[in-house]
Structures are given as structure tokens and as C-alpha cells.
Amino acid sequence: MLSEKLKTFKKEYYQWRYWNNIINTMQKHKRKILNNSSKLQPYINKPGIAFSFDDSFRVDHWYKYGKELFGYYEVKVTFNINAFHFFEGQREHTQNEIDMLIDLQSNGHEIAHHGFKHKNAANYSTEFGLKKWVEDEVVSLINWAKSQSHSLTKERLKQPVSFALPFSELKEENVNEVFPKYYKVIRGGLNKDNLTPFNHSGFAPSICIDSVYLSNAKYINKIMDMAKKMGCNLIFMCHSILPEDVAWKDFGWEQDTNGAGWWRITPNMIKALIEEAKKKIWNFILLLKYQELPLL
């Protein structure tokens, strides 16, 4: 009983600390914007939400629990892929996994890039150099994706316009190295006001909403209200889509030393956020819709 109370207290504390830090930062930025009313035009452009899901070894989770859910609500999202599986000997994706990704693409979802082997961009480029990082993590993934096609329909993965930084590590040199040559939008993690304007290109921040300790509809809805008043867009970073009763250990993967199993959001939470957003007349957008530049 005591351990459960401590667990609940810990979860509530982490949620309070994480979300209040974000809210306080956004409130400071809001005051700056209000001092320049020309930047605040919430009724001219309807703000949008972009769901951005990382790590394609989770594609079975996306497909099984996300495809019908997003289809029911007519919501399109962005799935950020690597070329390999985090577990199972770090093998490349199977044909069945490629088929699932392309099926999601054919349903209108964006299949974007997340690094060939999910290397930390800042650390990798510091150790091996920027050009080596681009060669190993960016160009290798572009070439690998070009060679993939659906086993039945023969549809191919499209050339994306967005790249999600692994581990959300922001290093300006990495962004400058791939924007705009390879991608038009570079998605990171928390940064400054965590908002993105319309017709945006370059670095774009995101708010992670799916850790076991972070997912809380009350705080997320408050963030949405603030962003709407400022007339800006939000990117919500997520990972696995899994019901609460699905245990990570049941997948039979080797020891999860990096805590990948912590990063998950339930279908019910996504459903609640979509329904709340629709009440508030939000758009649901893809990262490729953030800008109007032509595809590469």
C-alpha cells in the first residue's frame, strides 16, 4: 500500500514539475507577444496540432492501435522512421514492417526520417564530424528508404520533408548541415516557447507527452489553450501507442537498458486529446504542412 502511494506521489510530482516548467515558459513568451500585437493573430490562422511519433521499431504498435483510431477521427500524423530495430540484434526492418509503414503512408500519414541507426546527432558529430554524421545517419537513411517498396502494391516510401532529431538533441550545426539541403523541417524537443508559426521551415520544437510520468490530459489541454490564444502550432512528440494493459516485457525483447518501454501513450489518451482539440476547433497537420516549399 505504501509503495503504491509513493509511486503515485512520484508520478504526480514529475508531472507537476515538467508541465509547470513548460507552462511558465509559455506564459513568459505570451507576455512578450502581447507587447507586439501584430504577431498575435489567432483568428486569421486556425492553429494546428501535429502528432509526431518516433522510432519505427514500434511500427506494429502504430499500425495495430493507431491506424483505425486516426482513420476514425480523420486525423493525419507523422511517423519518424529509422532503418533498423532497436532490439532483435538491431536488424533492419522486415518486409512486413515496410508494408505496414507504406500502408500508413497510403492512409495519408507522413513517413519522415529519424536517423538511419538513431544515433545522437550532437554526440556522433562531435566524435566523428558533421560530414560523417550526415553520411551515416541522413544520406544512408534516404538511400535505404528509396529502395523500399510494398510487397503487394509496389508503392514506395516518399521523400520526406522533415527529420526528427534522435533523443531530441539540438545542436545548431547539425540543423544547419541538413536544412534546407535535405529537409525543410528539423524537429527537436523542448526549446524556448515550444511553439511553431505558420508556414514554418527550419528547426521546430516539440513537447513530449507520452512518458509514463508525463502523460496528463489536464496539463496538455492547458498547453493547447495557451497556444491557441497565441495563434501558434504545437507539435506533440510521442513514441509507442499501447493500451495500459499491454506489458512491455510481453514483446520478448532483450533487456531495455535505454528505457524505451517508458515512452508510450494509450489509445484512450490520444482519443481524449483529439476530441478535446476538435471541440476547440484545432487543425491536425503533418510536419510537411508546416511550410510551402517544394519537396526535394
# chains A, B, ... in the order shown; residues from 1 in each chain; ligands from 1
>>> residues_around(residues="A:Ile49", least_positions_apart="3", cutoff="9 Å", atoms="only C-alpha atoms", output="list of chain:residue names")
A:Met224, A:Asn233, A:Leu234, A:Ile235, A:Phe236, A:Ala277, A:Trp282, A:Asn283, A:Phe284, A:Ile285, A:Leu286
>>> write_last_selection(atoms="C-alpha atoms", output="mmCIF file, in the first residue's frame")
data_model
loop_
_atom_site.group_PDB
_atom_site.id
_atom_site.type_symbol
_atom_site.label_atom_id
_atom_site.label_comp_id
_atom_site.auth_asym_id
_atom_site.auth_seq_id
_atom_site.Cartn_x
_atom_site.Cartn_y
_atom_site.Cartn_z
ATOM 1 C CA MET A 224 -3.382 23.735 -26.054
ATOM 2 C CA ASN A 233 1.002 25.481 -33.720
ATOM 3 C CA LEU A 234 2.017 22.677 -31.371
ATOM 4 C CA ILE A 235 3.984 19.529 -32.115
ATOM 5 C CA PHE A 236 3.337 16.656 -29.708
ATOM 6 C CA ALA A 277 -8.898 19.555 -29.816
ATOM 7 C CA TRP A 282 -7.917 22.875 -33.926
ATOM 8 C CA ASN A 283 -6.482 21.629 -37.189
ATOM 9 C CA PHE A 284 -4.490 18.408 -37.289
ATOM 10 C CA ILE A 285 -1.462 18.834 -39.506
ATOM 11 C CA LEU A 286 1.610 16.996 -40.731
#
>>> select_by_dssp(residues="stretch 143-268 of chain A", states="helix (DSSP H, G or I)", output="VMD selection string")
chain A and resid 143 to 146 166 to 168 172 to 178 217 to 229 248 to 251 260 to 262 267 to 268
>>> write_last_selection(atoms="N, CA and C atoms", output="CSV table (one decimal), in the first residue's frame")
chain,number,residue,atom,x,y,z
A,143,ASN,N,18.8,6.9,-48.8
A,143,ASN,CA,19.1,5.9,-49.8
A,143,ASN,C,18.4,4.6,-49.5
A,144,TRP,N,18.4,4.2,-48.2
A,144,TRP,CA,17.7,3.0,-47.8
A,144,TRP,C,16.2,3.1,-48.0
A,145,ALA,N,15.6,4.2,-47.7
A,145,ALA,CA,14.2,4.4,-47.8
A,145,ALA,C,13.8,4.4,-49.3
A,146,LYS,N,14.6,4.9,-50.2
A,146,LYS,CA,14.3,4.9,-51.6
A,146,LYS,C,14.2,3.5,-52.2
A,166,PRO,N,17.1,12.4,-33.2
A,166,PRO,CA,17.1,11.3,-32.2
A,166,PRO,C,17.5,11.9,-30.8
A,167,PHE,N,16.7,11.4,-29.8
A,167,PHE,CA,16.9,11.9,-28.4
A,167,PHE,C,16.6,13.4,-28.3
A,168,SER,N,16.1,14.0,-29.4
A,168,SER,CA,15.7,15.4,-29.4
A,168,SER,C,16.9,16.4,-29.1
A,172,GLU,N,23.0,23.4,-33.2
A,172,GLU,CA,22.7,24.2,-34.3
A,172,GLU,C,23.5,23.8,-35.6
A,173,GLU,N,24.7,23.3,-35.4
A,173,GLU,CA,25.5,22.9,-36.5
A,173,GLU,C,24.8,21.7,-37.3
A,174,ASN,N,24.2,20.8,-36.5
A,174,ASN,CA,23.5,19.7,-37.2
A,174,ASN,C,22.3,20.2,-38.0
A,175,VAL,N,21.6,21.1,-37.4
A,175,VAL,CA,20.4,21.6,-38.1
A,175,VAL,C,20.9,22.3,-39.4
A,176,ASN,N,21.9,23.1,-39.3
A,176,ASN,CA,22.4,23.9,-40.5
A,176,ASN,C,22.9,22.9,-41.6
A,177,GLU,N,23.4,21.8,-41.1
A,177,GLU,CA,24.0,20.9,-42.1
A,177,GLU,C,23.0,20.2,-43.0
A,178,VAL,N,21.8,20.0,-42.5
A,178,VAL,CA,20.8,19.2,-43.2
A,178,VAL,C,19.6,20.1,-43.7
A,217,ALA,N,-3.7,14.6,-19.3
A,217,ALA,CA,-4.6,15.4,-20.2
A,217,ALA,C,-4.9,16.8,-19.7
A,218,LYS,N,-5.0,16.9,-18.4
A,218,LYS,CA,-5.3,18.2,-17.8
A,218,LYS,C,-4.2,19.3,-18.2
A,219,TYR,N,-2.9,18.9,-18.0
A,219,TYR,CA,-1.9,19.8,-18.4
A,219,TYR,C,-1.8,20.1,-19.9
A,220,ILE,N,-1.9,19.0,-20.6
A,220,ILE,CA,-1.8,19.1,-22.1
A,220,ILE,C,-2.9,20.0,-22.6
A,221,ASN,N,-4.1,19.9,-22.1
A,221,ASN,CA,-5.2,20.8,-22.5
A,221,ASN,C,-4.9,22.2,-22.2
A,222,LYS,N,-4.3,22.5,-21.1
A,222,LYS,CA,-3.9,23.8,-20.7
A,222,LYS,C,-2.9,24.4,-21.7
A,223,ILE,N,-1.9,23.6,-22.1
A,223,ILE,CA,-1.0,24.0,-23.1
A,223,ILE,C,-1.7,24.3,-24.4
A,224,MET,N,-2.6,23.5,-24.8
A,224,MET,CA,-3.4,23.7,-26.1
A,224,MET,C,-4.1,25.1,-26.0
A,225,ASP,N,-4.7,25.4,-24.9
A,225,ASP,CA,-5.5,26.6,-24.7
A,225,ASP,C,-4.5,27.8,-24.9
A,226,MET,N,-3.3,27.7,-24.3
A,226,MET,CA,-2.4,28.8,-24.4
A,226,MET,C,-1.9,29.0,-25.8
A,227,ALA,N,-1.6,27.9,-26.5
A,227,ALA,CA,-1.1,28.0,-27.8
A,227,ALA,C,-2.2,28.6,-28.8
A,228,LYS,N,-3.4,28.2,-28.5
A,228,LYS,CA,-4.5,28.7,-29.4
A,228,LYS,C,-4.6,30.2,-29.2
A,229,LYS,N,-4.5,30.7,-28.0
A,229,LYS,CA,-4.6,32.2,-27.8
A,229,LYS,C,-3.5,32.9,-28.5
A,248,TRP,N,5.3,-4.3,-21.5
A,248,TRP,CA,6.4,-4.2,-22.4
A,248,TRP,C,7.2,-5.5,-22.5
A,249,LYS,N,7.3,-6.2,-21.3
A,249,LYS,CA,8.0,-7.4,-21.3
A,249,LYS,C,7.4,-8.5,-22.2
A,250,ASP,N,6.2,-8.4,-22.5
A,250,ASP,CA,5.5,-9.4,-23.3
A,250,ASP,C,6.0,-9.4,-24.7
A,251,PHE,N,6.7,-8.4,-25.2
A,251,PHE,CA,7.2,-8.4,-26.5
A,251,PHE,C,8.4,-9.3,-26.7
A,260,ALA,N,13.3,2.3,-23.3
A,260,ALA,CA,12.4,2.6,-24.5
A,260,ALA,C,11.0,2.3,-24.1
A,261,GLY,N,10.8,1.3,-23.2
A,261,GLY,CA,9.4,1.0,-22.8
A,261,GLY,C,8.7,2.0,-22.0
A,262,TRP,N,9.4,3.0,-21.5
A,262,TRP,CA,8.7,4.1,-20.8
A,262,TRP,C,7.9,5.0,-21.7
A,267,PRO,N,-4.2,4.6,-26.5
A,267,PRO,CA,-5.2,5.0,-27.5
A,267,PRO,C,-6.3,5.9,-26.8
A,268,ASN,N,-6.6,5.6,-25.6
A,268,ASN,CA,-7.6,6.4,-24.9
A,268,ASN,C,-7.2,7.8,-24.7
>>> atom_distance(atom1="atom CA of A:Ala121", atom2="atom CA of A:Val138")
10.1 Å
>>> closest_residue(among="A:Leu157, A:Arg91, A:Leu287, A:Trp263", to="A:Ile186", atoms="only C-alpha atoms")
A:Leu287
>>> residues_around(residues="stretch 5-16 of chain A", least_positions_apart="3", cutoff="9 Å", atoms="only C-alpha atoms", output="number ranges by chain")
A: 1-2, 19-21, 212-216, 219
>>> closest_residue(among="A:Leu104, A:Ile23, A:Ile265, A:Val185", to="A:Cys208", atoms="only C-alpha atoms")
A:Ile265
>>> select_by_dssp(residues="stretch 15-107 of chain A", states="strand (DSSP E)", output="ChimeraX atom specification")
/A:48-54,78-81
>>> residues_around(residues="A:Pro205", least_positions_apart="4", cutoff="7 Å", atoms="only C-alpha atoms", output="list in words")
Arg187, Gly188, Gly189, Leu190, Asn191, Asn194 and Leu195 of chain A
>>> atom_distance(atom1="atom CA of A:Ser162", atom2="atom CA of A:Tyr183")
5.3 Å
>>> residues_around(residues="A:Arg264", least_positions_apart="2", cutoff="7 Å", atoms="only C-alpha atoms", output="MDAnalysis selection string")
chainID A and resid 210:212 238:242 261:262 266
>>> atom_distance(atom1="atom CA of A:His61", atom2="atom CA of A:Phe79")
11.6 Å
